[in-house]
Amino acid sequence: MHMIQVVFMTVLVFFVIVTIHEWGHYYFAKRAGILVREFAIGFGPKLFSIKRGETRYTLRLVPAGGFVRMAGEDPELVEIQPGQTVALRIAADKVTRFYLDRLDERTNVIRGEVETIDLEDRLKVTLNADGVSEVYSVHPQAMLIAKGRETQIAPRDRQFGSKTVGARSLAIVAGPVMNFILAFVLFFAFFQMAGVPLDTPKHLFIGEIVAGKPADKAGLKTNDVIVAINGEPVGTDQDKMISMISKSPNKPITFTVTRDEKKLDIKITPELDPESGDGKIGIRAASFYETRPAGFAESFKLAGLDMKNWTIMIFDGFKKLILGQFKMDDLGGPVRTAQVTGQIAQQGIAQLTKWTAVLSLYLGIFNLLPIPALDGSRLLFLGLEGVRGRPIDPNRESMVHFIGFALLMLLMVAVTYNDILRLVRGEQ
């Protein structure tokens, strides 16, 4: 697979798992009648933006997630206060446009000073134009125009907070649930493509190579089939291969491999690992198993089993993180994830499909954790509201989410910096 293809597939993986997550929020919010102002992939400055219907769809610079901005979740950016001079455009006896600036340039409008205004419940505005006050009805999809930007008003029945706890919870939990569904579908697709491995491995091959290490410098390649070391066949015995490498620190050994149906002898000098005293060449070998086709029902069952096993491993990782049983190098951010995704993309579409399933499952589980700014925390606040019978103070909840988001961004910066250092050092 060419590098351009690898980059494209890596970007596609991130795009798919984030988009399906945000689409879950978007679909169930729209279904509940909530005004969705923006559907965004990524954070930071906008790279692309297009408006369709009531929603603006944006692609942003930092590919570290996405968001769906619903009316009523945050304070409105544009407001009209009594005493403010505005211009109104009327159509079918209702206000369809509020102009807040450049009033002299507006045509076919009524200018005046706002005396009273209610854009949430009564949808009425009282305007004093040339000393005469008149009440106007406001269209529920009226636009506020200021500084060249249009913002649709959000009547109370279109706001997130006006919906039942159940409807809001469904809009929040739908994101992770869509990731779980996607993960299952991709695990199923993997077994349909790759089949089921037979019980006995056929040979060993090079699964990964650490950049800058002896194997990489000597010319070993991913997917090389390992035949022998120093003329001694290794068959499918990984332990034998590891033992022979470990016993030869700073001593040249000859790897015999097959590549593109050609047999090659490659000399490698294992480097000394100061911690263990063993020789290391910087590879991860894997066993190759011949496969047989998997039926529909079998793929369905194996997909469920993979979901279960990977879920256990993910929670085990969270447990170690909470208990502090990790080193900084054990953590990986977007850069490391993209690096691993690129490596897996080179192994073929089947392996990339399985890796995408794992990432989607991880994203779904991670978002359900009760960490401020994540979906799990928002569900926790909704649960408390359901028990108490009244919502938590919105300002306090917003502050909790803001602090949580800031801490997550700091952690992301830290692990990304660590990823970059790892790349500079030529490590994985």
# chains A, B, ... in the order shown; residues from 1 in each chain; ligands from 1
call {"tool": "select_by_dssp", "arguments": {"residues": "stretch 157-306 of chain A", "states": "alpha helix (DSSP H)", "output": "mmCIF file with N, CA, C and O atoms, in the first residue's frame"}}
result
data_model
loop_
_atom_site.group_PDB
_atom_site.id
_atom_site.type_symbol
_atom_site.label_atom_id
_atom_site.label_comp_id
_atom_site.auth_asym_id
_atom_site.auth_seq_id
_atom_site.Cartn_x
_atom_site.Cartn_y
_atom_site.Cartn_z
ATOM 1 N N VAL A 165 -36.091 14.182 30.632
ATOM 2 C CA VAL A 165 -34.800 13.575 30.981
ATOM 3 C C VAL A 165 -34.513 12.396 30.061
ATOM 4 O O VAL A 165 -33.382 12.188 29.614
ATOM 5 N N GLY A 166 -35.552 11.622 29.752
ATOM 6 C CA GLY A 166 -35.371 10.466 28.888
ATOM 7 C C GLY A 166 -34.930 10.853 27.488
ATOM 8 O O GLY A 166 -34.016 10.242 26.922
ATOM 9 N N ALA A 167 -35.570 11.881 26.912
ATOM 10 C CA ALA A 167 -35.224 12.320 25.552
ATOM 11 C C ALA A 167 -33.813 12.876 25.503
ATOM 12 O O ALA A 167 -33.050 12.614 24.557
ATOM 13 N N ARG A 168 -33.442 13.643 26.527
ATOM 14 C CA ARG A 168 -32.086 14.198 26.569
ATOM 15 C C ARG A 168 -31.044 13.105 26.770
ATOM 16 O O ARG A 168 -29.974 13.116 26.145
ATOM 17 N N SER A 169 -31.359 12.144 27.643
ATOM 18 C CA SER A 169 -30.426 11.033 27.878
ATOM 19 C C SER A 169 -30.212 10.227 26.609
ATOM 20 O O SER A 169 -29.089 9.808 26.305
ATOM 21 N N LEU A 170 -31.283 10.018 25.844
ATOM 22 C CA LEU A 170 -31.176 9.261 24.595
ATOM 23 C C LEU A 170 -30.278 9.995 23.600
ATOM 24 O O LEU A 170 -29.449 9.371 22.926
ATOM 25 N N ALA A 171 -30.421 11.330 23.533
ATOM 26 C CA ALA A 171 -29.583 12.110 22.617
ATOM 27 C C ALA A 171 -28.112 12.042 23.018
ATOM 28 O O ALA A 171 -27.225 12.086 22.155
ATOM 29 N N ILE A 172 -27.836 11.916 24.316
ATOM 30 C CA ILE A 172 -26.455 11.864 24.790
ATOM 31 C C ILE A 172 -25.866 10.461 24.622
ATOM 32 O O ILE A 172 -24.762 10.278 24.110
ATOM 33 N N VAL A 173 -26.619 9.448 25.037
ATOM 34 C CA VAL A 173 -26.081 8.077 25.018
ATOM 35 C C VAL A 173 -25.999 7.533 23.598
ATOM 36 O O VAL A 173 -25.259 6.567 23.330
ATOM 37 N N ALA A 174 -26.721 8.141 22.664
ATOM 38 C CA ALA A 174 -26.748 7.629 21.289
ATOM 39 C C ALA A 174 -25.374 7.656 20.636
ATOM 40 O O ALA A 174 -25.070 6.804 19.794
ATOM 41 N N GLY A 175 -24.528 8.636 21.007
ATOM 42 C CA GLY A 175 -23.187 8.706 20.431
ATOM 43 C C GLY A 175 -22.366 7.455 20.722
ATOM 44 O O GLY A 175 -21.921 6.760 19.791
ATOM 45 N N PRO A 176 -22.151 7.127 21.997
ATOM 46 C CA PRO A 176 -21.423 5.889 22.312
ATOM 47 C C PRO A 176 -22.095 4.637 21.764
ATOM 48 O O PRO A 176 -21.416 3.717 21.302
ATOM 49 N N VAL A 177 -23.424 4.585 21.805
ATOM 50 C CA VAL A 177 -24.125 3.402 21.294
ATOM 51 C C VAL A 177 -23.838 3.199 19.809
ATOM 52 O O VAL A 177 -23.625 2.061 19.350
ATOM 53 N N MET A 178 -23.786 4.296 19.048
ATOM 54 C CA MET A 178 -23.468 4.172 17.620
ATOM 55 C C MET A 178 -22.052 3.629 17.432
ATOM 56 O O MET A 178 -21.795 2.871 16.487
ATOM 57 N N ASN A 179 -21.128 4.001 18.324
ATOM 58 C CA ASN A 179 -19.770 3.444 18.250
ATOM 59 C C ASN A 179 -19.770 1.950 18.528
ATOM 60 O O ASN A 179 -19.029 1.188 17.888
ATOM 61 N N PHE A 180 -20.606 1.503 19.476
ATOM 62 C CA PHE A 180 -20.695 0.070 19.769
ATOM 63 C C PHE A 180 -21.268 -0.682 18.568
ATOM 64 O O PHE A 180 -20.785 -1.768 18.210
ATOM 65 N N ILE A 181 -22.301 -0.117 17.948
ATOM 66 C CA ILE A 181 -22.901 -0.763 16.779
ATOM 67 C C ILE A 181 -21.886 -0.843 15.645
ATOM 68 O O ILE A 181 -21.733 -1.883 14.988
ATOM 69 N N LEU A 182 -21.172 0.263 15.412
ATOM 70 C CA LEU A 182 -20.151 0.276 14.365
ATOM 71 C C LEU A 182 -19.067 -0.760 14.651
ATOM 72 O O LEU A 182 -18.634 -1.486 13.738
ATOM 73 N N ALA A 183 -18.638 -0.843 15.910
ATOM 74 C CA ALA A 183 -17.594 -1.813 16.273
ATOM 75 C C ALA A 183 -18.056 -3.236 15.964
ATOM 76 O O ALA A 183 -17.309 -4.035 15.387
ATOM 77 N N PHE A 184 -19.283 -3.552 16.345
ATOM 78 C CA PHE A 184 -19.788 -4.908 16.095
ATOM 79 C C PHE A 184 -19.847 -5.198 14.596
ATOM 80 O O PHE A 184 -19.433 -6.274 14.140
ATOM 81 N N VAL A 185 -20.349 -4.244 13.820
ATOM 82 C CA VAL A 185 -20.449 -4.434 12.363
ATOM 83 C C VAL A 185 -19.071 -4.649 11.756
ATOM 84 O O VAL A 185 -18.877 -5.503 10.883
ATOM 85 N N LEU A 186 -18.082 -3.887 12.222
ATOM 86 C CA LEU A 186 -16.727 -4.017 11.675
ATOM 87 C C LEU A 186 -16.058 -5.316 12.104
ATOM 88 O O LEU A 186 -15.334 -5.931 11.307
ATOM 89 N N PHE A 187 -16.270 -5.747 13.351
ATOM 90 C CA PHE A 187 -15.750 -7.056 13.765
ATOM 91 C C PHE A 187 -16.369 -8.155 12.899
ATOM 92 O O PHE A 187 -15.685 -9.085 12.453
ATOM 93 N N PHE A 188 -17.674 -8.048 12.655
ATOM 94 C CA PHE A 188 -18.363 -9.020 11.802
ATOM 95 C C PHE A 188 -17.762 -9.004 10.396
ATOM 96 O O PHE A 188 -17.478 -10.058 9.807
ATOM 97 N N ALA A 189 -17.540 -7.793 9.859
ATOM 98 C CA ALA A 189 -16.977 -7.667 8.514
ATOM 99 C C ALA A 189 -15.565 -8.257 8.454
ATOM 100 O O ALA A 189 -15.180 -8.869 7.445
ATOM 101 N N PHE A 190 -14.807 -8.078 9.528
ATOM 102 C CA PHE A 190 -13.449 -8.631 9.571
ATOM 103 C C PHE A 190 -13.461 -10.143 9.388
ATOM 104 O O PHE A 190 -12.696 -10.702 8.590
ATOM 105 N N PHE A 191 -14.330 -10.827 10.134
ATOM 106 C CA PHE A 191 -14.369 -12.293 10.029
ATOM 107 C C PHE A 191 -14.903 -12.734 8.675
ATOM 108 O O PHE A 191 -14.497 -13.779 8.159
ATOM 109 N N GLN A 192 -15.802 -11.946 8.085
ATOM 110 C CA GLN A 192 -16.278 -12.277 6.744
ATOM 111 C C GLN A 192 -15.150 -12.147 5.717
ATOM 112 O O GLN A 192 -15.074 -12.927 4.774
ATOM 113 N N MET A 193 -14.266 -11.154 5.935
ATOM 114 C CA MET A 193 -13.158 -10.946 4.997
ATOM 115 C C MET A 193 -11.998 -11.900 5.267
ATOM 116 O O MET A 193 -11.439 -12.494 4.345
ATOM 117 N N ALA A 194 -11.608 -12.005 6.540
ATOM 118 C CA ALA A 194 -10.385 -12.743 6.890
ATOM 119 C C ALA A 194 -10.624 -14.226 7.126
ATOM 120 O O ALA A 194 -9.684 -15.026 7.063
ATOM 121 N N PRO A 214 18.006 -2.328 15.045
ATOM 122 C CA PRO A 214 18.846 -3.159 14.164
ATOM 123 C C PRO A 214 18.111 -3.823 13.004
ATOM 124 O O PRO A 214 18.626 -3.857 11.879
ATOM 125 N N ALA A 215 16.898 -4.352 13.248
ATOM 126 C CA ALA A 215 16.158 -5.014 12.175
ATOM 127 C C ALA A 215 15.829 -4.034 11.054
ATOM 128 O O ALA A 215 15.936 -4.359 9.867
ATOM 129 N N ASP A 216 15.441 -2.826 11.450
ATOM 130 C CA ASP A 216 15.111 -1.800 10.458
ATOM 131 C C ASP A 216 16.355 -1.395 9.664
ATOM 132 O O ASP A 216 16.314 -1.282 8.431
ATOM 133 N N LYS A 217 17.453 -1.183 10.366
ATOM 134 C CA LYS A 217 18.694 -0.767 9.701
ATOM 135 C C LYS A 217 19.230 -1.862 8.771
ATOM 136 O O LYS A 217 19.827 -1.566 7.734
ATOM 137 N N ALA A 218 19.020 -3.123 9.149
ATOM 138 C CA ALA A 218 19.549 -4.233 8.342
ATOM 139 C C ALA A 218 18.711 -4.493 7.099
ATOM 140 O O ALA A 218 19.179 -5.148 6.162
ATOM 141 N N GLN A 238 8.036 -19.141 18.246
ATOM 142 C CA GLN A 238 8.453 -17.777 18.579
ATOM 143 C C GLN A 238 9.452 -17.779 19.730
ATOM 144 O O GLN A 238 10.394 -16.970 19.744
ATOM 145 N N ASP A 239 9.240 -18.633 20.712
ATOM 146 C CA ASP A 239 10.143 -18.675 21.865
ATOM 147 C C ASP A 239 11.570 -19.008 21.426
ATOM 148 O O ASP A 239 12.545 -18.449 21.947
ATOM 149 N N LYS A 240 11.707 -19.914 20.478
ATOM 150 C CA LYS A 240 13.035 -20.280 19.973
ATOM 151 C C LYS A 240 13.685 -19.088 19.290
ATOM 152 O O LYS A 240 14.874 -18.816 19.491
ATOM 153 N N MET A 241 12.921 -18.373 18.472
ATOM 154 C CA MET A 241 13.450 -17.203 17.787
ATOM 155 C C MET A 241 13.914 -16.144 18.793
ATOM 156 O O MET A 241 15.023 -15.596 18.687
ATOM 157 N N ILE A 242 13.079 -15.867 19.784
ATOM 158 C CA ILE A 242 13.416 -14.858 20.797
ATOM 159 C C ILE A 242 14.661 -15.267 21.568
ATOM 160 O O ILE A 242 15.539 -14.442 21.854
ATOM 161 N N SER A 243 14.754 -16.561 21.909
ATOM 162 C CA SER A 243 15.907 -17.057 22.660
ATOM 163 C C SER A 243 17.209 -16.882 21.871
ATOM 164 O O SER A 243 18.235 -16.457 22.418
ATOM 165 N N MET A 244 17.173 -17.189 20.580
ATOM 166 C CA MET A 244 18.375 -17.072 19.749
ATOM 167 C C MET A 244 18.823 -15.615 19.614
ATOM 168 O O MET A 244 20.019 -15.319 19.613
ATOM 169 N N ILE A 245 17.857 -14.706 19.527
ATOM 170 C CA ILE A 245 18.207 -13.275 19.443
ATOM 171 C C ILE A 245 18.743 -12.790 20.789
ATOM 172 O O ILE A 245 19.748 -12.074 20.855
ATOM 173 N N SER A 246 18.087 -13.196 21.865
ATOM 174 C CA SER A 246 18.466 -12.736 23.203
ATOM 175 C C SER A 246 19.884 -13.155 23.580
ATOM 176 O O SER A 246 20.587 -12.436 24.298
ATOM 177 N N PHE A 296 -22.148 -16.772 8.159
ATOM 178 C CA PHE A 296 -22.811 -15.587 8.722
ATOM 179 C C PHE A 296 -22.997 -15.726 10.224
ATOM 180 O O PHE A 296 -22.619 -14.840 10.995
ATOM 181 N N ALA A 297 -23.576 -16.834 10.668
ATOM 182 C CA ALA A 297 -23.841 -17.037 12.096
ATOM 183 C C ALA A 297 -22.540 -17.109 12.893
ATOM 184 O O ALA A 297 -22.444 -16.569 14.007
ATOM 185 N N GLU A 298 -21.509 -17.760 12.312
ATOM 186 C CA GLU A 298 -20.229 -17.879 13.009
ATOM 187 C C GLU A 298 -19.565 -16.510 13.148
ATOM 188 O O GLU A 298 -19.026 -16.180 14.212
ATOM 189 N N SER A 299 -19.623 -15.701 12.093
ATOM 190 C CA SER A 299 -19.051 -14.353 12.150
ATOM 191 C C SER A 299 -19.771 -13.511 13.194
ATOM 192 O O SER A 299 -19.160 -12.723 13.912
ATOM 193 N N PHE A 300 -21.097 -13.680 13.266
ATOM 194 C CA PHE A 300 -21.903 -12.949 14.251
ATOM 195 C C PHE A 300 -21.455 -13.309 15.668
ATOM 196 O O PHE A 300 -21.253 -12.437 16.521
ATOM 197 N N LYS A 301 -21.280 -14.608 15.908
ATOM 198 C CA LYS A 301 -20.857 -15.073 17.235
ATOM 199 C C LYS A 301 -19.445 -14.605 17.567
ATOM 200 O O LYS A 301 -19.179 -14.130 18.679
ATOM 201 N N LEU A 302 -18.521 -14.710 16.598
ATOM 202 C CA LEU A 302 -17.136 -14.296 16.836
ATOM 203 C C LEU A 302 -17.023 -12.792 17.039
ATOM 204 O O LEU A 302 -16.196 -12.325 17.826
ATOM 205 N N ALA A 303 -17.866 -12.017 16.343
ATOM 206 C CA ALA A 303 -17.865 -10.559 16.529
ATOM 207 C C ALA A 303 -18.263 -10.214 17.957
ATOM 208 O O ALA A 303 -17.657 -9.348 18.599
ATOM 209 N N GLY A 304 -19.286 -10.903 18.473
ATOM 210 C CA GLY A 304 -19.700 -10.675 19.858
ATOM 211 C C GLY A 304 -18.618 -11.061 20.846
ATOM 212 O O GLY A 304 -18.394 -10.369 21.850
ATOM 213 N N LEU A 305 -17.907 -12.157 20.555
ATOM 214 C CA LEU A 305 -16.828 -12.604 21.439
ATOM 215 C C LEU A 305 -15.679 -11.601 21.435
ATOM 216 O O LEU A 305 -15.101 -11.293 22.488
ATOM 217 N N ASP A 306 -15.341 -11.079 20.242
ATOM 218 C CA ASP A 306 -14.288 -10.069 20.164
ATOM 219 C C ASP A 306 -14.684 -8.796 20.919
ATOM 220 O O ASP A 306 -13.853 -8.174 21.578
#
call {"tool": "select_by_dssp", "arguments": {"residues": "stretch 283-367 of chain A", "states": "strand (DSSP E)", "output": "ChimeraX atom specification"}}
result
/A:283-292
call {"tool": "write_last_selection", "arguments": {"atoms": "C-alpha atoms", "output": "CSV table (one decimal), in the first residue's frame"}}
result
chain,number,residue,atom,x,y,z
A,283,ILE,CA,10.7,-6.6,15.8
A,284,ARG,CA,7.4,-8.2,16.8
A,285,ALA,CA,6.8,-11.5,15.1
A,286,ALA,CA,3.4,-13.0,14.6
A,287,SER,CA,2.2,-16.5,13.7
A,288,PHE,CA,0.5,-16.9,10.3
A,289,TYR,CA,-2.5,-19.2,10.3
A,290,GLU,CA,-4.3,-20.4,7.2
A,291,THR,CA,-7.9,-19.6,7.4
A,292,ARG,CA,-11.2,-21.1,6.3
call {"tool": "atom_distance", "arguments": {"atom1": "atom CA of A:Glu79", "atom2": "atom CA of A:Phe48"}}
result
26.3 Å
call {"tool": "residues_around", "arguments": {"residues": "A:Gly282", "least_positions_apart": "6", "cutoff": "6 Å", "atoms": "only C-alpha atoms", "output": "VMD selection string"}}
result
chain A and resid 209 to 210 213 215
call {"tool": "atom_distance", "arguments": {"atom1": "atom CA of A:Phe14", "atom2": "atom CA of A:Leu410"}}
result
20.9 Å
call {"tool": "residues_around", "arguments": {"residues": "A:Val7", "least_positions_apart": "3", "cutoff": "12 Å", "atoms": "only C-alpha atoms", "output": "JSON, numbers by chain"}}
result
{"A": [1, 2, 3, 4, 10, 11, 12, 13, 14, 338, 339, 340, 341, 342, 343, 344, 345, 346]}
call {"tool": "write_last_selection", "arguments": {"atoms": "N, CA, C and O atoms", "output": "PDB file, in the first residue's frame"}}
result
ATOM      1  N   MET A   1       0.850  -1.192   0.000  1.00  0.00           N
ATOM      2  CA  MET A   1       0.000   0.000   0.000  1.00  0.00           C
ATOM      3  C   MET A   1       0.885   1.243   0.000  1.00  0.00           C
ATOM      4  O   MET A   1       1.777   1.373   0.826  1.00  0.00           O
ATOM      5  N   HIS A   2       0.651   2.155  -0.942  1.00  0.00           N
ATOM      6  CA  HIS A   2       1.462   3.359  -1.042  1.00  0.00           C
ATOM      7  C   HIS A   2       1.191   4.288   0.135  1.00  0.00           C
ATOM      8  O   HIS A   2       0.135   4.233   0.772  1.00  0.00           O
ATOM      9  N   MET A   3       2.182   5.185   0.409  1.00  0.00           N
ATOM     10  CA  MET A   3       2.081   6.065   1.567  1.00  0.00           C
ATOM     11  C   MET A   3       0.838   6.953   1.484  1.00  0.00           C
ATOM     12  O   MET A   3       0.176   7.209   2.497  1.00  0.00           O
ATOM     13  N   ILE A   4       0.515   7.446   0.280  1.00  0.00           N
ATOM     14  CA  ILE A   4      -0.665   8.298   0.137  1.00  0.00           C
ATOM     15  C   ILE A   4      -1.923   7.520   0.522  1.00  0.00           C
ATOM     16  O   ILE A   4      -2.815   8.044   1.195  1.00  0.00           O
ATOM     17  N   THR A  10      -5.824   6.206   7.071  1.00  0.00           N
ATOM     18  CA  THR A  10      -5.721   6.635   8.474  1.00  0.00           C
ATOM     19  C   THR A  10      -6.709   7.748   8.771  1.00  0.00           C
ATOM     20  O   THR A  10      -7.431   7.721   9.778  1.00  0.00           O
ATOM     21  N   VAL A  11      -6.757   8.752   7.891  1.00  0.00           N
ATOM     22  CA  VAL A  11      -7.700   9.864   8.061  1.00  0.00           C
ATOM     23  C   VAL A  11      -9.132   9.347   8.002  1.00  0.00           C
ATOM     24  O   VAL A  11      -9.996   9.769   8.785  1.00  0.00           O
ATOM     25  N   LEU A  12      -9.379   8.412   7.085  1.00  0.00           N
ATOM     26  CA  LEU A  12     -10.730   7.857   6.939  1.00  0.00           C
ATOM     27  C   LEU A  12     -11.188   7.145   8.206  1.00  0.00           C
ATOM     28  O   LEU A  12     -12.354   7.262   8.609  1.00  0.00           O
ATOM     29  N   VAL A  13     -10.278   6.411   8.853  1.00  0.00           N
ATOM     30  CA  VAL A  13     -10.618   5.706  10.092  1.00  0.00           C
ATOM     31  C   VAL A  13     -11.100   6.692  11.149  1.00  0.00           C
ATOM     32  O   VAL A  13     -12.164   6.505  11.765  1.00  0.00           O
ATOM     33  N   PHE A  14     -10.338   7.758  11.380  1.00  0.00           N
ATOM     34  CA  PHE A  14     -10.729   8.752  12.377  1.00  0.00           C
ATOM     35  C   PHE A  14     -12.045   9.415  11.994  1.00  0.00           C
ATOM     36  O   PHE A  14     -12.916   9.638  12.851  1.00  0.00           O
ATOM     37  N   ALA A 338      -2.513   7.534  15.350  1.00  0.00           N
ATOM     38  CA  ALA A 338      -2.411   7.674  13.902  1.00  0.00           C
ATOM     39  C   ALA A 338      -1.237   6.861  13.360  1.00  0.00           C
ATOM     40  O   ALA A 338      -1.333   6.237  12.290  1.00  0.00           O
ATOM     41  N   GLN A 339      -0.131   6.844  14.107  1.00  0.00           N
ATOM     42  CA  GLN A 339       1.052   6.082  13.685  1.00  0.00           C
ATOM     43  C   GLN A 339       0.731   4.586  13.618  1.00  0.00           C
ATOM     44  O   GLN A 339       1.049   3.910  12.629  1.00  0.00           O
ATOM     45  N   VAL A 340       0.105   4.069  14.668  1.00  0.00           N
ATOM     46  CA  VAL A 340      -0.251   2.644  14.699  1.00  0.00           C
ATOM     47  C   VAL A 340      -1.277   2.327  13.609  1.00  0.00           C
ATOM     48  O   VAL A 340      -1.191   1.295  12.935  1.00  0.00           O
ATOM     49  N   THR A 341      -2.239   3.233  13.420  1.00  0.00           N
ATOM     50  CA  THR A 341      -3.245   3.029  12.373  1.00  0.00           C
ATOM     51  C   THR A 341      -2.591   2.939  11.003  1.00  0.00           C
ATOM     52  O   THR A 341      -2.956   2.085  10.179  1.00  0.00           O
ATOM     53  N   GLY A 342      -1.594   3.802  10.753  1.00  0.00           N
ATOM     54  CA  GLY A 342      -0.873   3.755   9.488  1.00  0.00           C
ATOM     55  C   GLY A 342      -0.143   2.434   9.295  1.00  0.00           C
ATOM     56  O   GLY A 342      -0.135   1.866   8.191  1.00  0.00           O
ATOM     57  N   GLN A 343       0.473   1.922  10.367  1.00  0.00           N
ATOM     58  CA  GLN A 343       1.182   0.648  10.283  1.00  0.00           C
ATOM     59  C   GLN A 343       0.216  -0.496   9.991  1.00  0.00           C
ATOM     60  O   GLN A 343       0.503  -1.382   9.179  1.00  0.00           O
ATOM     61  N   ILE A 344      -0.944  -0.466  10.656  1.00  0.00           N
ATOM     62  CA  ILE A 344      -1.928  -1.534  10.452  1.00  0.00           C
ATOM     63  C   ILE A 344      -2.533  -1.438   9.049  1.00  0.00           C
ATOM     64  O   ILE A 344      -2.835  -2.458   8.422  1.00  0.00           O
ATOM     65  N   ALA A 345      -2.680  -0.212   8.541  1.00  0.00           N
ATOM     66  CA  ALA A 345      -3.217  -0.039   7.184  1.00  0.00           C
ATOM     67  C   ALA A 345      -2.349  -0.747   6.154  1.00  0.00           C
ATOM     68  O   ALA A 345      -2.851  -1.245   5.135  1.00  0.00           O
ATOM     69  N   GLN A 346      -1.047  -0.810   6.422  1.00  0.00           N
ATOM     70  CA  GLN A 346      -0.131  -1.472   5.499  1.00  0.00           C
ATOM     71  C   GLN A 346      -0.328  -2.990   5.492  1.00  0.00           C
ATOM     72  O   GLN A 346       0.131  -3.672   4.572  1.00  0.00           O
TER      73      GLN A 346
END
call {"tool": "closest_atom_pairs", "arguments": {"of": "stretch 335-421 of chain A", "to": "stretch 15-37 of chain A", "cutoff": "8 Å", "atoms": "only C-alpha atoms", "output": "tab-separated table"}}
result
residue	atom	partner	partner_atom	distance
A:Thr356	CA	A:Ile17	CA	7.6
A:Leu359	CA	A:Ile17	CA	7.6
A:Ser360	CA	A:Ile17	CA	5.5
A:Gly364	CA	A:His21	CA	7.9
call {"tool": "residues_around", "arguments": {"residues": "stretch 100-108 of chain A", "least_positions_apart": "3", "cutoff": "12 Å", "atoms": "only C-alpha atoms", "output": "count of residues only"}}
result
26
call {"tool": "atom_distance", "arguments": {"atom1": "atom CA of A:Asp118", "atom2": "atom CA of A:Ala40"}}
result
29.4 Å
call {"tool": "closest_residue", "arguments": {"among": "A:Arg396, A:Lys251, A:His401, A:Arg259", "to": "A:Asp375", "atoms": "only C-alpha atoms"}}
result
A:His401
